[in-house]
Amino acid sequence: MDRKMKPKENTFISEDSKKHLKKELALLTDPVTIIAVLSDEQNKPFNEFSRKLLTELAALSEKIRPVFEKPGSVVAGQYGVTRTPTLLVQPERYHIRYTGAPAGEEAQTFLLALIMASSGQSVLSEASKKRLSELHENRNIKVFVSPTCPYCPLQVLLAVSAAIANSSRVSAEIIEIYENKDLAEEYNSFTVPQVFVDDRIVGRGLQPEEVFIEEVLTAAPVKLKAFEGTEGIIEKDLVIAGAGPAGLTAAIYAERSGIKTVVIEKGNIGGQVAITPVVENYPGFTRIGGSTLMDMMAQQTIQYADIHQGEEVLEARKKGDFFELRTNRAAYRARAVLLATGAESRKAGLPGETEFAGRGVSYCASCDGYYFKDGKKVLVIGGGNTAATEALYLKNIGVDVTIVHRRDSLRAEQYLRDRLAANNIPILLNSTVKEIQGDKSVRAVAIENAADHSVSTMPVDGIFIAIGYVPNNQLAKKLGVDLDAEGYIKIDKGHRTNVKGVYAAGDITGGFKQIVTAVGQGSIAAESVFEDISAGDRKID
Ligand code: NAP
């Protein structure tokens, strides 16, 4: 399906996408009714989008049965629908509601929701279904999303699945924040995905299935716990932690050498690249969306190795020549471990930063920028490539964006600086944000001028913090791996660490953090694993 927000007349679903869709729609078993409450007057592009989407899907499969209703109709009243567009999936059987058009990233989850509602089968594990069957109180799940958020679809899939698995108790509502700004404000939900159970926030960001199901059961936030079972230990040669470019490349190379490999990923496949709006320096692709590039790498990887998404390695220890690892879902025994756990956004430590996180303070422009797209004023803090790339993305979708940087020049590459100038993006140099201010959400920042130390207040609606990364080294610490002063893993030329059998690749090793380097490092680490395992003699002094 085209990932366009406002498709042109009659080019809504391309012929290529239709071919692909027909295959997916062949999975429909029973007919699915979708009640679509649409307005001709309000929120026009999104109502039109929803009408076209349903009309064209119905033309592709007779099992898709849209029923169009107007706001204020008896049926709209019967289901308590007051907003448009609202789409109810198989409402006589399930409580699944899309409040806002299922556009962009959500188009795919909507399609999967139809397929699941048709068969009555969700994507949840048997264990999760059993837990949900024990729920005897009603639960309402709200997931706030945006059409450009790469983390949202999986969270939506879990919510819809819960509503299918226990249809008498669980209702799921998917709320698009740009079209429902009042709801986003009421729930303080400007960072997506954000999940509420019975109107209580239980999580920000993509959550592992086990955690989410427990949150639905308890209607409260839940911490991840290690799997405690003693049976069914998964035996592998190599466990790779992290499904960014380094981990995925290593998996391809390792499996092709005959090393039995699994990749464990706690969050989104693709790491930081998956949330990079545009990549222009990966050879072979002049210009490609970060999430598209990572989708392609993941598709290639799963031809060789399994990727276990939604699992986090919580316990790790060495026992003899083997490693015993426990995730939230399973136990593993492996001969080697590759740490490709990457890095996460650095926090600025500003007054107001934690308080307004998710309420106007963001670390991901592609996730949260869409909300600000009608000329809302935002600041990007930082002077590197990330700040420049995010500012360009925000400007491109219609945000009124200004960069604030503490030095007298940006460190972003010349090409990006030229693009900032060509796009007339204002840059406040020698300026430091001292405080983030607001009420329910961000309203202003206090900025200090480095020359005269004067402090001024600038009204803003949002702040994107892009000041570099900190290494995700918790697992490395558990394994006793040596780190440098900044917390990055020390490695030798073959990407071996000080712990025999533990290797590292990608951003977690510090240095030049590029996709091409991560990919190269992944291949070198895999080659070392192969050499060491096949020699039966790991080459560490
Ligand atoms: P970066 O290159 O480390 O730059 C971080 C920026 O944030 C610097 O300008 C730094 O200022 C500033 N900063 C750091 N701490 C700060 C604080 N507490 N308050 C205010 N400003 C602060 O980080 P990045 O831009 O995220 O890039 C990380 C890596 O990813 C780099 O290797 C980059 O090349 C790569 N990347 C590449 C691309 C691309 O090629 N298109 C896109 C995105 C990222 P100073 O200059 O004063 O130190």
# chains A, B, ... in the order shown; residues from 1 in each chain; ligands from 1
$ residues_near_ligand --ligand "ligand 1" --cutoff "6 Å" --atoms "only C-alpha atoms and all ligand atoms" --output "MDAnalysis selection string"
chainID A and resid 348 382:387 389 406:407 411 466:469 512:514
$ write_last_selection --atoms "N, CA, C and O atoms" --output "short mmCIF file (atom, residue, chain, number, x, y, z; two decimals), in the first residue's frame"
data_model
loop_
_atom_site.label_atom_id
_atom_site.label_comp_id
_atom_site.auth_asym_id
_atom_site.auth_seq_id
_atom_site.Cartn_x
_atom_site.Cartn_y
_atom_site.Cartn_z
N ALA A 348 19.67 15.36 27.60
CA ALA A 348 20.41 16.61 27.81
C ALA A 348 20.52 16.96 29.29
O ALA A 348 21.35 17.80 29.66
N GLY A 382 21.16 20.50 19.08
CA GLY A 382 22.29 19.68 18.65
C GLY A 382 22.93 20.26 17.41
O GLY A 382 22.31 21.05 16.69
N GLY A 383 24.18 19.83 17.14
CA GLY A 383 24.89 20.38 15.98
C GLY A 383 25.45 19.32 15.06
O GLY A 383 26.20 19.62 14.14
N GLY A 384 25.08 18.04 15.30
CA GLY A 384 25.63 16.95 14.49
C GLY A 384 24.73 16.54 13.34
O GLY A 384 23.75 17.22 13.02
N ASN A 385 25.10 15.41 12.73
CA ASN A 385 24.33 14.93 11.57
C ASN A 385 22.88 14.59 11.95
O ASN A 385 21.97 14.78 11.15
N THR A 386 22.68 14.07 13.16
CA THR A 386 21.31 13.73 13.55
C THR A 386 20.45 14.98 13.63
O THR A 386 19.33 15.02 13.10
N ALA A 387 20.97 16.02 14.28
CA ALA A 387 20.20 17.27 14.41
C ALA A 387 19.85 17.81 13.03
O ALA A 387 18.71 18.22 12.77
N THR A 389 19.72 16.18 10.09
CA THR A 389 18.81 15.28 9.36
C THR A 389 17.38 15.44 9.89
O THR A 389 16.42 15.50 9.12
N ARG A 406 25.12 24.89 20.72
CA ARG A 406 25.90 25.60 21.74
C ARG A 406 27.19 26.23 21.21
O ARG A 406 27.76 27.08 21.86
N ARG A 407 27.66 25.80 20.05
CA ARG A 407 28.93 26.34 19.52
C ARG A 407 28.68 27.37 18.41
O ARG A 407 27.52 27.61 18.03
N ARG A 411 28.68 20.77 13.61
CA ARG A 411 29.65 19.76 13.19
C ARG A 411 29.07 18.83 12.13
O ARG A 411 29.75 17.94 11.63
N ALA A 466 18.69 16.09 19.91
CA ALA A 466 19.51 15.26 19.00
C ALA A 466 20.97 15.55 19.29
O ALA A 466 21.69 16.15 18.48
N ILE A 467 21.41 15.14 20.46
CA ILE A 467 22.77 15.52 20.91
C ILE A 467 23.66 14.28 21.05
O ILE A 467 24.52 14.22 21.91
N GLY A 468 23.47 13.33 20.18
CA GLY A 468 24.32 12.15 20.18
C GLY A 468 23.72 10.99 20.95
O GLY A 468 22.54 11.01 21.32
N TYR A 469 24.55 9.99 21.17
CA TYR A 469 24.07 8.72 21.72
C TYR A 469 24.89 8.28 22.92
O TYR A 469 26.03 8.70 23.08
N PHE A 512 33.39 5.71 14.63
CA PHE A 512 32.63 6.28 13.51
C PHE A 512 31.30 5.54 13.40
O PHE A 512 31.26 4.37 13.01
N LYS A 513 30.21 6.21 13.74
CA LYS A 513 28.91 5.51 13.80
C LYS A 513 28.14 5.71 12.50
O LYS A 513 27.36 6.65 12.36
N GLN A 514 28.37 4.83 11.57
CA GLN A 514 27.69 4.91 10.27
C GLN A 514 27.10 3.54 9.95
O GLN A 514 27.55 2.52 10.49
#
$ residues_around --residues "A:Lys70" --least-positions-apart "6" --cutoff "7 Å" --atoms "only C-alpha atoms" --output "PyMOL selection string"
chain A and resi 37-39
$ residues_around --residues "A:Ile302" --least-positions-apart "2" --cutoff "10 Å" --atoms "only C-alpha atoms" --output "VMD selection string"
chain A and resid 248 251 to 252 262 to 263 297 to 300 304 to 307
$ residues_around --residues "A:Thr29" --least-positions-apart "5" --cutoff "12 Å" --atoms "only C-alpha atoms" --output "list in words"
Glu24, Ser61, Glu62, Lys63, Ile64, Leu114, Ile115, Met116, Ala117, Ser118, Ser119, Gly120 and Gln121 of chain A
$ select_by_dssp --residues "stretch 209-365 of chain A" --states "strand (DSSP E or B)" --output "ChimeraX atom specification"
/A:234-241,261-265,279,282,285,288,306-309,313-319,322-327,331-339,343-345,357,361-362
$ closest_residue --among "A:Leu428, A:Ala334, A:Val378, A:Ala446" --to "A:Val502" --atoms "only C-alpha atoms"
A:Ala334
$ atom_distance --atom1 "atom CA of A:Tyr94" --atom2 "atom CA of A:Gly72"
21.8 Å
$ residues_around --residues "stretch 319-324 of chain A" --least-positions-apart "5" --cutoff "7 Å" --atoms "only C-alpha atoms" --output "list in words"
Tyr332, Arg333, Ala334, Arg335 and Ala336 of chain A
$ residues_around --residues "A:Gly270" --least-positions-apart "5" --cutoff "9 Å" --atoms "only C-alpha atoms" --output "JSON list (two decimals) with N, CA, C and O atoms, in the first residue's frame"
[["chain", "number", "residue", "atom", "x", "y", "z"],
["A", 242, "GLY", "N", 20.71, -7.68, 19.43],
["A", 242, "GLY", "CA", 20.56, -6.42, 18.68],
["A", 242, "GLY", "C", 20.37, -6.65, 17.20],
["A", 242, "GLY", "O", 21.20, -7.29, 16.55],
["A", 243, "ALA", "N", 19.25, -6.14, 16.67],
["A", 243, "ALA", "CA", 18.94, -6.32, 15.24],
["A", 243, "ALA", "C", 19.07, -5.02, 14.46],
["A", 243, "ALA", "O", 18.22, -4.65, 13.67],
["A", 244, "GLY", "N", 20.17, -4.29, 14.72],
["A", 244, "GLY", "CA", 20.50, -3.15, 13.87],
["A", 244, "GLY", "C", 21.32, -3.65, 12.69],
["A", 244, "GLY", "O", 21.44, -4.86, 12.48],
["A", 245, "PRO", "N", 21.93, -2.74, 11.92],
["A", 245, "PRO", "CA", 22.70, -3.18, 10.74],
["A", 245, "PRO", "C", 23.84, -4.13, 11.10],
["A", 245, "PRO", "O", 24.11, -5.06, 10.34],
["A", 248, "LEU", "N", 22.28, -7.71, 12.15],
["A", 248, "LEU", "CA", 21.66, -8.40, 11.01],
["A", 248, "LEU", "C", 22.72, -8.90, 10.03],
["A", 248, "LEU", "O", 22.66, -10.03, 9.55],
["A", 275, "ILE", "N", 14.70, 4.66, 12.68],
["A", 275, "ILE", "CA", 14.00, 5.92, 12.95],
["A", 275, "ILE", "C", 14.68, 7.10, 12.25],
["A", 275, "ILE", "O", 14.36, 8.25, 12.51],
["A", 290, "GLY", "N", 15.13, 5.26, 6.27],
["A", 290, "GLY", "CA", 15.85, 4.37, 7.17],
["A", 290, "GLY", "C", 15.06, 3.10, 7.47],
["A", 290, "GLY", "O", 15.62, 2.00, 7.46],
["A", 291, "SER", "N", 13.76, 3.23, 7.70],
["A", 291, "SER", "CA", 12.99, 2.02, 8.05],
["A", 291, "SER", "C", 12.85, 1.10, 6.84],
["A", 291, "SER", "O", 12.85, -0.12, 6.99],
["A", 293, "LEU", "N", 15.13, 0.73, 4.45],
["A", 293, "LEU", "CA", 16.42, 0.06, 4.31],
["A", 293, "LEU", "C", 16.53, -1.09, 5.32],
["A", 293, "LEU", "O", 16.95, -2.20, 4.98],
["A", 294, "MET", "N", 16.09, -0.83, 6.56],
["A", 294, "MET", "CA", 16.21, -1.86, 7.57],
["A", 294, "MET", "C", 15.21, -3.00, 7.34],
["A", 294, "MET", "O", 15.50, -4.15, 7.65],
["A", 295, "ASP", "N", 14.03, -2.68, 6.80],
["A", 295, "ASP", "CA", 13.09, -3.75, 6.41],
["A", 295, "ASP", "C", 13.76, -4.69, 5.41],
["A", 295, "ASP", "O", 13.63, -5.91, 5.50],
["A", 297, "MET", "N", 16.99, -5.19, 4.97],
["A", 297, "MET", "CA", 18.04, -6.00, 5.63],
["A", 297, "MET", "C", 17.42, -7.12, 6.45],
["A", 297, "MET", "O", 17.94, -8.24, 6.47],
["A", 298, "ALA", "N", 16.31, -6.81, 7.12],
["A", 298, "ALA", "CA", 15.66, -7.84, 7.96],
["A", 298, "ALA", "C", 15.11, -8.96, 7.08],
["A", 298, "ALA", "O", 15.25, -10.14, 7.41]]
